[in-house]
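Structure record follows, encoded as structure tokens.
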Amino acid sequence: MIRRVTNGMQHGRRGAITILAVLALLTAGCGGATVQETSGGNETGDGGGSEAAAADCGEFNLAVNPWVGYEANAAVVAYVAENDLGCQVTKKDLKEEVSWQGFGTGEVDAIVENWGHEDLKKKYIEDQGTAVEAGPTGNTGIIGWYVPPWLAEEHPDVTDWNSLNKYAKEFATSESGGKGQLLDGDPSFVTNDEALVENLNLDYKVVYAGSEPALIQAFRQAEANQEWVIGYFYEPQWFLSEVPLAKVELPPYEEGCDADPEKVACDYPEYQLDKIVSKDFADSGSPAYELVQNFTWTNEDQNLVAKYIAEDNMSPEEAAKKWVEENRDKVEAWLPS
């Protein structure tokens, strides 16, 4: 964990993060390609199963959305599909909605971490019939606004949304036009933040860091240098074990308070994360479909594999191999009977 700066250092530094500085420090591929652009895919491993198993399983096209928690899910599912079932796995780096578009064309078989998206479920499951739900991942997802720990300790009321206008000037940056900056990540992530700022009458402007790594770097730098940053973040997320960000209390979520995206004035709900697959894949009899259906683990499991990838610089395949070898009992429960 990052060591906190002692009280003997300046606490009055504005130090508000500029997005140009963050992006200069760290850029990352955000999976913005279309399904067609990635149709060649990225095959993983050598498919360690037998020829008979490979023939039974065949090809398995797995979407990978642009955050490391999802990458952890996908890495483990792909590793087990290849090494236990003999599947020919192709992982495709895609943003969320683009992944759903691939169900109808056969270019995407599975999404293994879906955050709500009731609009996409209606479109692709109910209306088009190209997708079906495949059960929960076991992860509970939390989205909200967070500040670095030093700031919550120095100014405890900053974690109450009613006090945010009081501190707007402290959070201002060159990108926020004189208002407080609310830092978001990838624009494709689930977010109500622009509506929240408007409907709660906050003197803030949403500014996008552009990616999960850039968002993490901003919070890491803010804690190390005691800088004023408030931004969108979420759990499960391995980074919270390094820098335990403090969550800002927004007006509490109530059923239906987010029904109209333009009128949202409440906190995000808890998400029971789930898996979505193509209808054709579900009907195919592939053992990979049974694996996806059976796959479930905890926030702690995901955070550990995500840490291997993001912090320990292991490849997704290496991270998955390490976790699978240490958790064979869990893996056995996912395999087709």
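The chains in the structure tokens are called A, B, ... from first to last as shown; in each chain the residues are counted from 1, and the ligands are counted from 1 in the order shown.
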Practice problem: Enumerate as number ranges by chain all residues of segment 126-301 of chain A assigned to helix (DSSP H, G or I) by DSSP on the backbone, naming them with the chain letters and numbers the document uses. | Solution: A: 126-127, 149-154, 156-159, 161-171, 193-199, 212-225, 238-241, 261-263, 279-283, 287-294, 299-301
Quiz item: Among segment 129-297 of chain A, which residues carry a DSSP assignment of strand (DSSP E or B), reported as an MDAnalysis selection string?
Solution: chainID A and resid 131:147 160 172 180:184 204:208 230:235 246:247 249 271:278
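Picture a line from atom CA of Arg220 of chain A to atom CA of Val206 of chain A; it runs 19.3 Å.
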With segment 211-218 of chain A as the partner and 12 Å as the cut-off, tabulate the residues of segment 101-178 of chain A that qualify, each row holding the nearest pair of atoms and their distance in Å to one decimal, using only C-alpha atoms, sorted by chain and rising number, as JSON lines.
```
{"residue": "A:Tyr146", "atom": "CA", "partner": "A:Leu215", "partner_atom": "CA", "distance": 11.2}
{"residue": "A:Val147", "atom": "CA", "partner": "A:Ala218", "partner_atom": "CA", "distance": 10.6}
{"residue": "A:Pro148", "atom": "CA", "partner": "A:Ala218", "partner_atom": "CA", "distance": 9.8}
```
File dump, residues just selected, N, CA and C atoms, as a compact mmCIF listing (two decimals), in the first residue's frame:
```txt
# COMPACT_ATOMS: atom_id res chain seq x y z
N TYR A 146 -15.54 8.57 -5.43
CA TYR A 146 -14.54 8.29 -4.41
C TYR A 146 -13.52 9.42 -4.32
N VAL A 147 -12.90 9.53 -3.16
CA VAL A 147 -11.80 10.47 -2.94
C VAL A 147 -10.64 9.71 -2.29
N PRO A 148 -9.41 10.22 -2.42
CA PRO A 148 -8.27 9.55 -1.79
C PRO A 148 -8.38 9.60 -0.27
```
Exercise. Determine, counting only C-alpha atoms, which protein, DNA and RNA residues have an atom within 12 Å of an atom of Glu317 of chain A; residues of the same chain fewer than 5 positions away are not included. Present the result as a PyMOL selection string.
Key: chain A and resi 43-47+71-80+82-83+91+305-306+308-309+322-324
Self-check item: Distance in Å - atom CA of Glu311 of chain A versus atom CA of Glu242 of chain A
Solution: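 Separating atom CA of Glu311 of chain A from atom CA of Glu242 of chain A is a distance of 9.9 Å.
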Practice problem: Point out the residue among A:Thr140, A:Ser99, A:Glu262, A:Leu304 with the least atom-to-atom distance to Asn199 of chain A, counting only C-alpha atoms. | Solution: A:Glu262
Self-check item: Length of the atom CA of Met314 of chain A to atom CA of Lys330 of chain A vector [Å]
Solution: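 Interatomic distance, atom CA of Met314 of chain A to atom CA of Lys330 of chain A: 21.6 Å.
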Residues within 10 Å of Leu62 of chain A, only C-alpha atoms, excluding chain neighbours under 2 positions, as a short mmCIF file (atom, residue, chain, number, x, y, z; two decimals) with C-alpha atoms, in the first residue's frame:
```
data_model
loop_
_atom_site.label_atom_id
_atom_site.label_comp_id
_atom_site.auth_asym_id
_atom_site.auth_seq_id
_atom_site.Cartn_x
_atom_site.Cartn_y
_atom_site.Cartn_z
CA GLY A 41 -9.17 -12.55 -32.81
CA ASN A 42 -6.37 -13.25 -30.41
CA GLU A 59 -14.27 -22.55 -31.36
CA PHE A 60 -15.15 -20.31 -28.45
CA VAL A 64 -12.97 -8.95 -23.28
CA ASN A 65 -14.24 -5.55 -22.08
CA ALA A 74 -11.97 -13.86 -19.14
CA ALA A 75 -8.43 -15.10 -18.52
CA VAL A 77 -12.54 -18.91 -18.24
CA ALA A 78 -10.32 -19.04 -21.34
CA VAL A 89 -10.47 -19.84 -27.63
CA THR A 90 -10.37 -16.47 -29.38
CA LYS A 91 -10.46 -13.45 -27.06
CA LYS A 92 -11.72 -10.21 -28.61
CA ASP A 93 -11.03 -6.79 -27.07
CA LEU A 94 -14.34 -4.96 -27.36
CA SER A 99 -19.78 -7.07 -27.61
CA GLU A 107 -18.64 -13.36 -33.70
CA VAL A 108 -19.12 -13.24 -29.91
CA ASP A 109 -20.23 -16.24 -27.87
CA ALA A 110 -19.97 -14.90 -24.32
CA ILE A 111 -19.68 -11.84 -22.10
CA VAL A 112 -18.41 -12.92 -18.68
CA VAL A 277 -24.16 -15.50 -24.09
#
```
Practice problem: Pick out the closest residue to Lys279 of chain A from this set: A:Gly104, A:Leu196, A:Glu113, A:Ala131. Count only C-alpha atoms. | Solution: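 Ranked by minimum distance to Lys279 of chain A, first place goes to A:Ala131.
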Which residues of segment 247-304 of chain A sit at most 10 Å from segment 182-194 of chain A, using only C-alpha atoms? Give each one's shortest atom pair and distance in Å (one decimal place), in chain and ascending residue order, as a tab-separated table.
```
residue	atom	partner	partner_atom	distance
A:Asp258	CA	A:Asn192	CA	8.5
A:Pro261	CA	A:Asn192	CA	6.9
A:Glu262	CA	A:Asn192	CA	8.4
A:Lys263	CA	A:Asn192	CA	9.4
A:Val264	CA	A:Asn192	CA	7.0
A:Ala265	CA	A:Asn192	CA	8.9
A:Cys266	CA	A:Asn192	CA	9.3
A:Asp267	CA	A:Asn192	CA	9.0
A:Tyr268	CA	A:Asn192	CA	8.1
```
Include all heavy atoms and write out the residues we just selected as a compact mmCIF listing (two decimals), in the first residue's frame.
```txt
# COMPACT_ATOMS: atom_id res chain seq x y z
N ASP A 258 -33.50 5.54 -10.96
CA ASP A 258 -32.64 5.73 -12.13
C ASP A 258 -33.35 5.32 -13.41
O ASP A 258 -32.71 5.10 -14.45
CB ASP A 258 -31.35 4.93 -11.97
CG ASP A 258 -31.59 3.44 -11.73
OD1 ASP A 258 -32.77 3.04 -11.54
OD2 ASP A 258 -30.62 2.66 -11.71
N PRO A 261 -32.75 8.06 -17.41
CA PRO A 261 -31.32 8.41 -17.34
C PRO A 261 -31.05 9.90 -17.21
O PRO A 261 -30.04 10.31 -16.64
CB PRO A 261 -30.75 7.87 -18.65
CG PRO A 261 -31.70 6.78 -19.05
CD PRO A 261 -33.05 7.25 -18.59
N GLU A 262 -31.97 10.74 -17.74
CA GLU A 262 -31.75 12.19 -17.71
C GLU A 262 -32.16 12.81 -16.38
O GLU A 262 -31.80 13.95 -16.10
CB GLU A 262 -32.51 12.86 -18.86
CG GLU A 262 -31.98 12.46 -20.24
CD GLU A 262 -32.69 13.21 -21.35
OE1 GLU A 262 -33.59 14.02 -21.04
OE2 GLU A 262 -32.35 12.97 -22.52
N LYS A 263 -32.91 12.07 -15.56
CA LYS A 263 -33.41 12.63 -14.31
C LYS A 263 -32.80 11.97 -13.07
O LYS A 263 -33.26 12.21 -11.95
CB LYS A 263 -34.93 12.50 -14.27
CG LYS A 263 -35.64 13.30 -15.35
CD LYS A 263 -37.16 13.15 -15.26
CE LYS A 263 -37.87 13.97 -16.34
NZ LYS A 263 -39.34 13.79 -16.29
N VAL A 264 -31.76 11.17 -13.26
CA VAL A 264 -31.16 10.45 -12.12
C VAL A 264 -30.62 11.44 -11.10
O VAL A 264 -29.87 12.37 -11.43
CB VAL A 264 -30.03 9.53 -12.60
CG1 VAL A 264 -29.35 8.86 -11.40
CG2 VAL A 264 -30.56 8.47 -13.55
N ALA A 265 -31.01 11.25 -9.83
CA ALA A 265 -30.50 12.09 -8.74
C ALA A 265 -30.23 11.23 -7.51
O ALA A 265 -30.37 11.69 -6.38
CB ALA A 265 -31.50 13.20 -8.42
N CYS A 266 -29.85 9.97 -7.74
CA CYS A 266 -29.62 9.03 -6.64
C CYS A 266 -28.35 8.24 -6.90
O CYS A 266 -27.83 8.23 -8.02
CB CYS A 266 -30.80 8.07 -6.50
SG CYS A 266 -31.11 7.08 -7.97
N ASP A 267 -27.87 7.57 -5.88
CA ASP A 267 -26.68 6.75 -5.99
C ASP A 267 -26.93 5.56 -6.92
O ASP A 267 -28.06 5.25 -7.28
CB ASP A 267 -26.27 6.25 -4.59
CG ASP A 267 -24.78 6.00 -4.47
OD1 ASP A 267 -24.08 5.91 -5.51
OD2 ASP A 267 -24.30 5.89 -3.32
N TYR A 268 -25.84 4.89 -7.27
CA TYR A 268 -25.94 3.69 -8.09
C TYR A 268 -26.44 2.52 -7.24
O TYR A 268 -26.16 2.45 -6.04
CB TYR A 268 -24.58 3.34 -8.67
CG TYR A 268 -24.04 4.33 -9.66
CD1 TYR A 268 -23.34 5.46 -9.24
CD2 TYR A 268 -24.22 4.16 -11.04
CE1 TYR A 268 -22.83 6.38 -10.15
CE2 TYR A 268 -23.72 5.07 -11.96
CZ TYR A 268 -23.03 6.18 -11.51
OH TYR A 268 -22.53 7.08 -12.41
```
Self-check item: Residue nearest Glu227 of chain A - candidates A:Leu200, A:Ala63, A:Ala259, A:Leu151, atoms counted: only C-alpha atoms
Solution: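 Closest to Glu227 of chain A, using only C-alpha atoms: A:Leu151.
Using only C-alpha atoms, the contacts of segment 201-203 of chain A at a cut-off of 8 Å, with sequence neighbours closer than 4 positions omitted, comprise Leu164, Asn165, Ala168, Lys179, Gly180 and Val197 of chain A.
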Dump N, CA, C and O atoms for the selected residues as a JSON list (two decimals), in the first residue's frame?
```
[["chain", "number", "residue", "atom", "x", "y", "z"],
["A", 164, "LEU", "N", -20.14, 19.08, -1.38],
["A", 164, "LEU", "CA", -19.24, 19.11, -2.53],
["A", 164, "LEU", "C", -19.10, 20.50, -3.15],
["A", 164, "LEU", "O", -18.01, 20.88, -3.59],
["A", 165, "ASN", "N", -20.18, 21.28, -3.20],
["A", 165, "ASN", "CA", -20.04, 22.62, -3.78],
["A", 165, "ASN", "C", -19.09, 23.49, -2.95],
["A", 165, "ASN", "O", -18.40, 24.37, -3.51],
["A", 168, "ALA", "N", -15.72, 22.83, -4.48],
["A", 168, "ALA", "CA", -15.62, 22.76, -5.95],
["A", 168, "ALA", "C", -14.33, 23.40, -6.47],
["A", 168, "ALA", "O", -13.66, 22.84, -7.36],
["A", 179, "LYS", "N", -15.03, 24.97, -12.89],
["A", 179, "LYS", "CA", -15.85, 24.16, -12.00],
["A", 179, "LYS", "C", -14.98, 23.07, -11.37],
["A", 179, "LYS", "O", -13.84, 22.85, -11.77],
["A", 180, "GLY", "N", -15.55, 22.37, -10.40],
["A", 180, "GLY", "CA", -14.85, 21.23, -9.87],
["A", 180, "GLY", "C", -14.80, 20.12, -10.92],
["A", 180, "GLY", "O", -15.73, 19.96, -11.70],
["A", 197, "VAL", "N", -24.58, 15.28, -11.70],
["A", 197, "VAL", "CA", -24.03, 16.63, -11.50],
["A", 197, "VAL", "C", -25.11, 17.68, -11.76],
["A", 197, "VAL", "O", -25.28, 18.63, -10.98]]
```
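Closest approach to Asp56 of chain A among A:Asn162, A:Gln88, A:Gln128, A:Ser176: A:Gln88, based on only C-alpha atoms.
With only C-alpha atoms as the atoms that count, the residue of A:Lys122, A:Lys275, A:Lys166, A:Lys247 with the shortest distance to Asn139 of chain A is A:Lys275.
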